[in-house]
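Working notes for the structure below.
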Amino acid sequence: MMPIDTIQKKDFPDLVKYLEKCWREQVEKRGTGAVSPLGLNRPIKDIIDEQLPEGSQSLNDICVQIERLVIPYSVQTSHPLFLAYVTPPALDICVLGEAISSMLNQNVSFVNLSPIGTAIEEVVIKWMGSIIGYGATSCGGVLVTGGSVANQLALAVARRSILGQEVTKKGNYVEMKHQRVYCSEHIHRSVYKAAALIGIGTENVSPVPANHRHQINVEDLQRQIDKDKSENKIPTTIIGAAGTRAIGAFDDLEALSKIAKDNQLWLHVDAAFGGALRLSWLAPNSLQYLGYADSVTFDPHKLLFVPFDAGCLLVQDKQRLLDTFGSEGEYLERSDPPGRDIADFGMDLGRSLKALKIWLAMKYIGAKAYGREITRLLKLARQFESLIKSTSEFETLIDGESIIVCFRWKGEAKSTDEELNNINGQIPLHLRRKGLAFINPVSINNKIGLRACLSNFRTDKQHLEELLDYIRECVES
Ligand SMILES: Cc1ncc(COP(=O)(O)O)c(C=O)c1O
């Protein structure tokens, strides 16, 4: 049996060559072929199921498995017709960032463990703060896996900020009153998960009805807050959406910020993908007030084209994070001056240099080119809506404001909504089975339709024309 490092040294030249070969092949073939894996005649978990390897396998055998299993059976998120969720293709520069981050294996929990890692994360947080409209230097934040975790941390920060230190020590049962969190009925479901996890309880998340534009109805919001106060409940937080999960609607952030101020509540905004639209001159109006929020969820793995995972919670006042997550431990050597250790800004202790790939992406692309691409995607979304409206067999389900287009096949003949729901509900699966396109189903006002997220810098109008043709063929077959 060879020692680990002897095996590594022997294989190193082949490893580097193999990495380069894989990377080149990916770059050459991306955008072509099937979007989703084809030709699977038995469940993939059966193909890959193996016992725990006792001995070491050769690099060659492992590479064969990568080539036969991992690459061909991966969904091609970089394909121009991968339009499901806001999952854009990743930038090549980030592959370099990921490789170097693994190579250096920095633990960025404490300044003294990774002074450079801490500094890079601080810079990246500052840049993202400026994108979402936090001007002050007191803004802070923490990188996390994604929007769901950012929303969870935000609820904890909001609770600590509004209810004070007592809640940290005694938990949620201060005076046995119920805390209340308000959000739109269209908020991302991670908010409910977060409320369950941190003990607020899903029943204390109060979904406020939305208007026809899918925005929180602000009069209903104020009424609900007043009612809860009169019943001795404790309103703590309003969660606004800058880009709702289904259709990409924007709440009236100016109005929400006023209600939060008047009622001394915390305002959190989920801008997981919507925040980046501020880089474009075509950004929806409401986004000019995003910086009024006390905290904001913003995902670089969405419209900054950084690969998974890269999420972020930003807060206007960095001290709020320290109050919520700062901890002490006798073996931990802390930053001097205090308040810079990343471990004190969130839940993670050991943490990778996640910021490197974001830092490289933002330097390499620059705010102007990001803005141009996001503008192109916003225009493409409106063009796609016009294209849909110009046909006789398709209709839009809503006039969008962002990069999400919701539509459905309605056919030429008169069909009932139930029949159309059935047909449209099956289209995404049919397209995926044939490897033609990857889109989501969506339900709007009881109509089931299709949802295309135009977040891919390789998608253009011609691809969207092809998509409509594929859907026509799929319905006719
Ligand atoms: C508005 C919104 N919030 C939160 C999330 C969750 O983000 P993540 O998948 O990064 O956890 C999403 C993801 O699609 C989203 O669209």
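How things are named: the first chain in the structure tokens is A, the next is B, and so on; residues count from 1 in each chain; ligands count from 1 in the order shown.
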
query: region 287-291 of chain A: which residues within 6 Å, counting only C-alpha atoms, same-chain residues fewer than 3 positions away excluded, as JSON, numbers by chain?
result: {"A": [132, 133, 134, 253, 254, 284]}

message: Please list as a PyMOL selection string every residue within 7 Å of region 292-305 of chain A, counting only C-alpha atoms and excluding residues in the same chain fewer than 5 positions away.
response: chain A and resi 86-91+146-147+150-151+154+257+266-273+275-276+310-316+455

message: Using only C-alpha atoms and all ligand atoms, can you tell me which of A:Ser184, A:Asn446, A:Gln462, A:Ser477 comes closest to ligand 1?
response: A:Ser184

query: Which residue out of A:Ser335, A:Ile48, A:Val124, A:Leu436 has the minimum interatomic distance to Ile66 (chain A) when only C-alpha atoms are used?
result: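 Nearest to Ile66 (chain A): A:Ile48.
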
statement: Counting only C-alpha atoms, closest pick from A:Ala283, A:Ala249, A:Ala355, A:Met362 relative to Arg376 (chain A) is A:Ala283

- prompt: Which is closest to Pro307 (chain A) among A:Val142, A:Ile216, A:Leu96, A:Ala260, if we use only C-alpha atoms?
  reply: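 Smallest separation from Pro307 (chain A) among the options: A:Leu96.
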
- request: Quick one: everything within 12 Å of Val123 (chain A), counting only C-alpha atoms, minus sequence neighbours fewer than 2 positions away in the same chain. Send it as number ranges by chain.
  value: A: 116-121, 125-130, 137, 139-143, 355-356, 358-360, 362-363

- prompt: If you count only C-alpha atoms, which residues fall within 10 Å of Ala210 (chain A), apart from same-chain ones fewer than 4 positions away, as a list in words?
  reply: Cys183, Ser184, Glu185, His186, His214, Gln215, Ile216, Asn217, Val218, Asp220, Leu221 and Asp251 of chain A

Would you write out those residues with N, CA, C and O atoms, as a PDB file, in the first residue's frame?
```
ATOM      1  N   CYS A 183     -45.247  38.649   5.163  1.00  0.00           N
ATOM      2  CA  CYS A 183     -44.645  38.578   3.824  1.00  0.00           C
ATOM      3  C   CYS A 183     -45.763  38.427   2.799  1.00  0.00           C
ATOM      4  O   CYS A 183     -46.916  38.214   3.163  1.00  0.00           O
ATOM      5  N   SER A 184     -45.377  38.496   1.560  1.00  0.00           N
ATOM      6  CA  SER A 184     -46.372  38.322   0.505  1.00  0.00           C
ATOM      7  C   SER A 184     -46.763  36.854   0.417  1.00  0.00           C
ATOM      8  O   SER A 184     -45.979  35.962   0.767  1.00  0.00           O
ATOM      9  N   GLU A 185     -47.971  36.609  -0.063  1.00  0.00           N
ATOM     10  CA  GLU A 185     -48.377  35.210  -0.261  1.00  0.00           C
ATOM     11  C   GLU A 185     -47.495  34.532  -1.312  1.00  0.00           C
ATOM     12  O   GLU A 185     -47.490  33.323  -1.434  1.00  0.00           O
ATOM     13  N   HIS A 186     -46.707  35.335  -2.052  1.00  0.00           N
ATOM     14  CA  HIS A 186     -45.859  34.750  -3.094  1.00  0.00           C
ATOM     15  C   HIS A 186     -44.397  34.616  -2.663  1.00  0.00           C
ATOM     16  O   HIS A 186     -43.520  34.420  -3.496  1.00  0.00           O
ATOM     17  N   HIS A 214     -49.058  40.884  -8.156  1.00  0.00           N
ATOM     18  CA  HIS A 214     -48.340  39.964  -7.253  1.00  0.00           C
ATOM     19  C   HIS A 214     -47.502  40.691  -6.200  1.00  0.00           C
ATOM     20  O   HIS A 214     -46.523  40.158  -5.704  1.00  0.00           O
ATOM     21  N   GLN A 215     -47.901  41.944  -5.869  1.00  0.00           N
ATOM     22  CA  GLN A 215     -47.187  42.688  -4.826  1.00  0.00           C
ATOM     23  C   GLN A 215     -47.981  42.635  -3.536  1.00  0.00           C
ATOM     24  O   GLN A 215     -49.225  42.662  -3.584  1.00  0.00           O
ATOM     25  N   ILE A 216     -47.287  42.670  -2.402  1.00  0.00           N
ATOM     26  CA  ILE A 216     -47.975  42.738  -1.105  1.00  0.00           C
ATOM     27  C   ILE A 216     -48.955  43.908  -1.125  1.00  0.00           C
ATOM     28  O   ILE A 216     -48.580  45.019  -1.512  1.00  0.00           O
ATOM     29  N   ASN A 217     -50.177  43.649  -0.690  1.00  0.00           N
ATOM     30  CA  ASN A 217     -51.154  44.716  -0.576  1.00  0.00           C
ATOM     31  C   ASN A 217     -50.865  45.464   0.737  1.00  0.00           C
ATOM     32  O   ASN A 217     -51.068  44.933   1.824  1.00  0.00           O
ATOM     33  N   VAL A 218     -50.348  46.709   0.622  1.00  0.00           N
ATOM     34  CA  VAL A 218     -49.822  47.386   1.821  1.00  0.00           C
ATOM     35  C   VAL A 218     -50.915  47.766   2.822  1.00  0.00           C
ATOM     36  O   VAL A 218     -50.665  47.788   4.033  1.00  0.00           O
ATOM     37  N   ASP A 220     -53.575  45.943   3.467  1.00  0.00           N
ATOM     38  CA  ASP A 220     -53.829  44.696   4.206  1.00  0.00           C
ATOM     39  C   ASP A 220     -52.709  44.428   5.210  1.00  0.00           C
ATOM     40  O   ASP A 220     -52.947  43.931   6.306  1.00  0.00           O
ATOM     41  N   LEU A 221     -51.491  44.748   4.798  1.00  0.00           N
ATOM     42  CA  LEU A 221     -50.337  44.525   5.695  1.00  0.00           C
ATOM     43  C   LEU A 221     -50.516  45.340   6.983  1.00  0.00           C
ATOM     44  O   LEU A 221     -50.392  44.808   8.089  1.00  0.00           O
ATOM     45  N   ASP A 251     -42.193  43.783  -4.810  1.00  0.00           N
ATOM     46  CA  ASP A 251     -43.043  44.491  -3.852  1.00  0.00           C
ATOM     47  C   ASP A 251     -42.697  45.968  -3.880  1.00  0.00           C
ATOM     48  O   ASP A 251     -41.600  46.358  -4.312  1.00  0.00           O
TER      49      ASP A 251
END
```

Non-local contacts of region 14-29 of chain A (9 Å; only C-alpha atoms; under 4 positions in same chain excluded) as a PyMOL selection string: chain A and resi 10+33+59-60+63+67+71+92

- request: Using CA of Arg278 (chain A) and CA of Leu322 (chain A) as the two end points, give the distance in Å to one decimal.
  value: 27.6 Å

Backbone DSSP call of strand (DSSP E or B) for region 424-476 of chain A, listed as a list in words: Phe438, Asn440, Pro441, Val442, Ser443, Ile444, Lys447, Ile448, Gly449, Leu450, Arg451, Ala452 and Cys453 of chain A

- request: Identify, with DSSP run on backbone atoms, the residues in region 22-81 of chain A assigned to helix (DSSP H, G or I), and express the list as a list in words.
  value: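 Filtering region 22-81 of chain A to helix (DSSP H, G or I) leaves Cys22, Trp23, Arg24, Glu25, Gln26, Val27, Glu28, Lys29, Ile44, Lys45, Asp46, Ile47, Ile48, Leu59, Asn60, Asp61, Ile62, Cys63, Val64, Gln65, Ile66, Glu67, Arg68, Leu69 and Val70 of chain A.
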
query: With only C-alpha atoms as the basis for distance, which of A:Lys261, A:Arg472, A:Lys461, A:Arg245 is at the shortest distance from Gly274 (chain A)?
result: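 Of all the options, A:Arg245 lies closest to Gly274 (chain A).
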
task: Considering only C-alpha atoms and all ligand atoms, state which residue in the set A:Ile404, A:Ile100, A:Leu397, A:Ile4 is at the smallest distance from ligand 1.
output: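 Smallest separation from ligand 1 among the options: A:Ile404.
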
query: Just how far from CA of Gly326 (chain A) is CA of Gly199 (chain A), in Å to one decimal?
result: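 Interatomic distance here is 19.7 Å.
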
message: If we count only C-alpha atoms and set the cut-off at 12 Å, which residues sit around Glu466 (chain A), ignoring sequence neighbours fewer than 6 positions away in its own chain? Please answer as a ChimeraX atom specification.
response: /A:80-81,384,387,431,436-437,459-460,472-473

How would the residues just picked look written out with N, CA and C atoms as a PDB file, in the first residue's frame?
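File produced: part-v2.pdb:
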```pdb
ATOM      1  N   PRO A  80     -28.361  26.769 -23.853  1.00  0.00           N
ATOM      2  CA  PRO A  80     -29.238  27.948 -24.030  1.00  0.00           C
ATOM      3  C   PRO A  80     -30.712  27.671 -23.747  1.00  0.00           C
ATOM      4  N   LEU A  81     -31.114  26.392 -23.816  1.00  0.00           N
ATOM      5  CA  LEU A  81     -32.511  26.103 -23.491  1.00  0.00           C
ATOM      6  C   LEU A  81     -32.656  25.477 -22.098  1.00  0.00           C
ATOM      7  N   PHE A 384     -39.618  38.045 -25.840  1.00  0.00           N
ATOM      8  CA  PHE A 384     -40.213  36.704 -25.833  1.00  0.00           C
ATOM      9  C   PHE A 384     -41.713  36.821 -25.571  1.00  0.00           C
ATOM     10  N   LEU A 387     -43.306  37.882 -28.725  1.00  0.00           N
ATOM     11  CA  LEU A 387     -43.342  36.752 -29.660  1.00  0.00           C
ATOM     12  C   LEU A 387     -44.502  35.818 -29.316  1.00  0.00           C
ATOM     13  N   LEU A 431     -40.472  17.678 -22.719  1.00  0.00           N
ATOM     14  CA  LEU A 431     -39.294  18.355 -23.297  1.00  0.00           C
ATOM     15  C   LEU A 431     -38.011  17.814 -22.669  1.00  0.00           C
ATOM     16  N   LEU A 436     -34.717  18.297 -25.030  1.00  0.00           N
ATOM     17  CA  LEU A 436     -34.827  19.481 -25.891  1.00  0.00           C
ATOM     18  C   LEU A 436     -34.707  20.785 -25.114  1.00  0.00           C
ATOM     19  N   ALA A 437     -35.354  20.841 -23.971  1.00  0.00           N
ATOM     20  CA  ALA A 437     -35.361  22.080 -23.181  1.00  0.00           C
ATOM     21  C   ALA A 437     -35.723  21.737 -21.746  1.00  0.00           C
ATOM     22  N   THR A 459     -28.481  32.411 -24.187  1.00  0.00           N
ATOM     23  CA  THR A 459     -29.801  32.275 -24.807  1.00  0.00           C
ATOM     24  C   THR A 459     -30.124  33.521 -25.629  1.00  0.00           C
ATOM     25  N   ASP A 460     -30.583  33.319 -26.870  1.00  0.00           N
ATOM     26  CA  ASP A 460     -31.043  34.483 -27.640  1.00  0.00           C
ATOM     27  C   ASP A 460     -32.426  34.210 -28.235  1.00  0.00           C
ATOM     28  N   ARG A 472     -44.785  23.127 -29.692  1.00  0.00           N
ATOM     29  CA  ARG A 472     -45.824  22.789 -30.709  1.00  0.00           C
ATOM     30  C   ARG A 472     -45.723  21.303 -31.059  1.00  0.00           C
ATOM     31  N   GLU A 473     -44.481  20.876 -31.370  1.00  0.00           N
ATOM     32  CA  GLU A 473     -44.285  19.462 -31.763  1.00  0.00           C
ATOM     33  C   GLU A 473     -44.713  18.529 -30.643  1.00  0.00           C
TER      34      GLU A 473
END
```
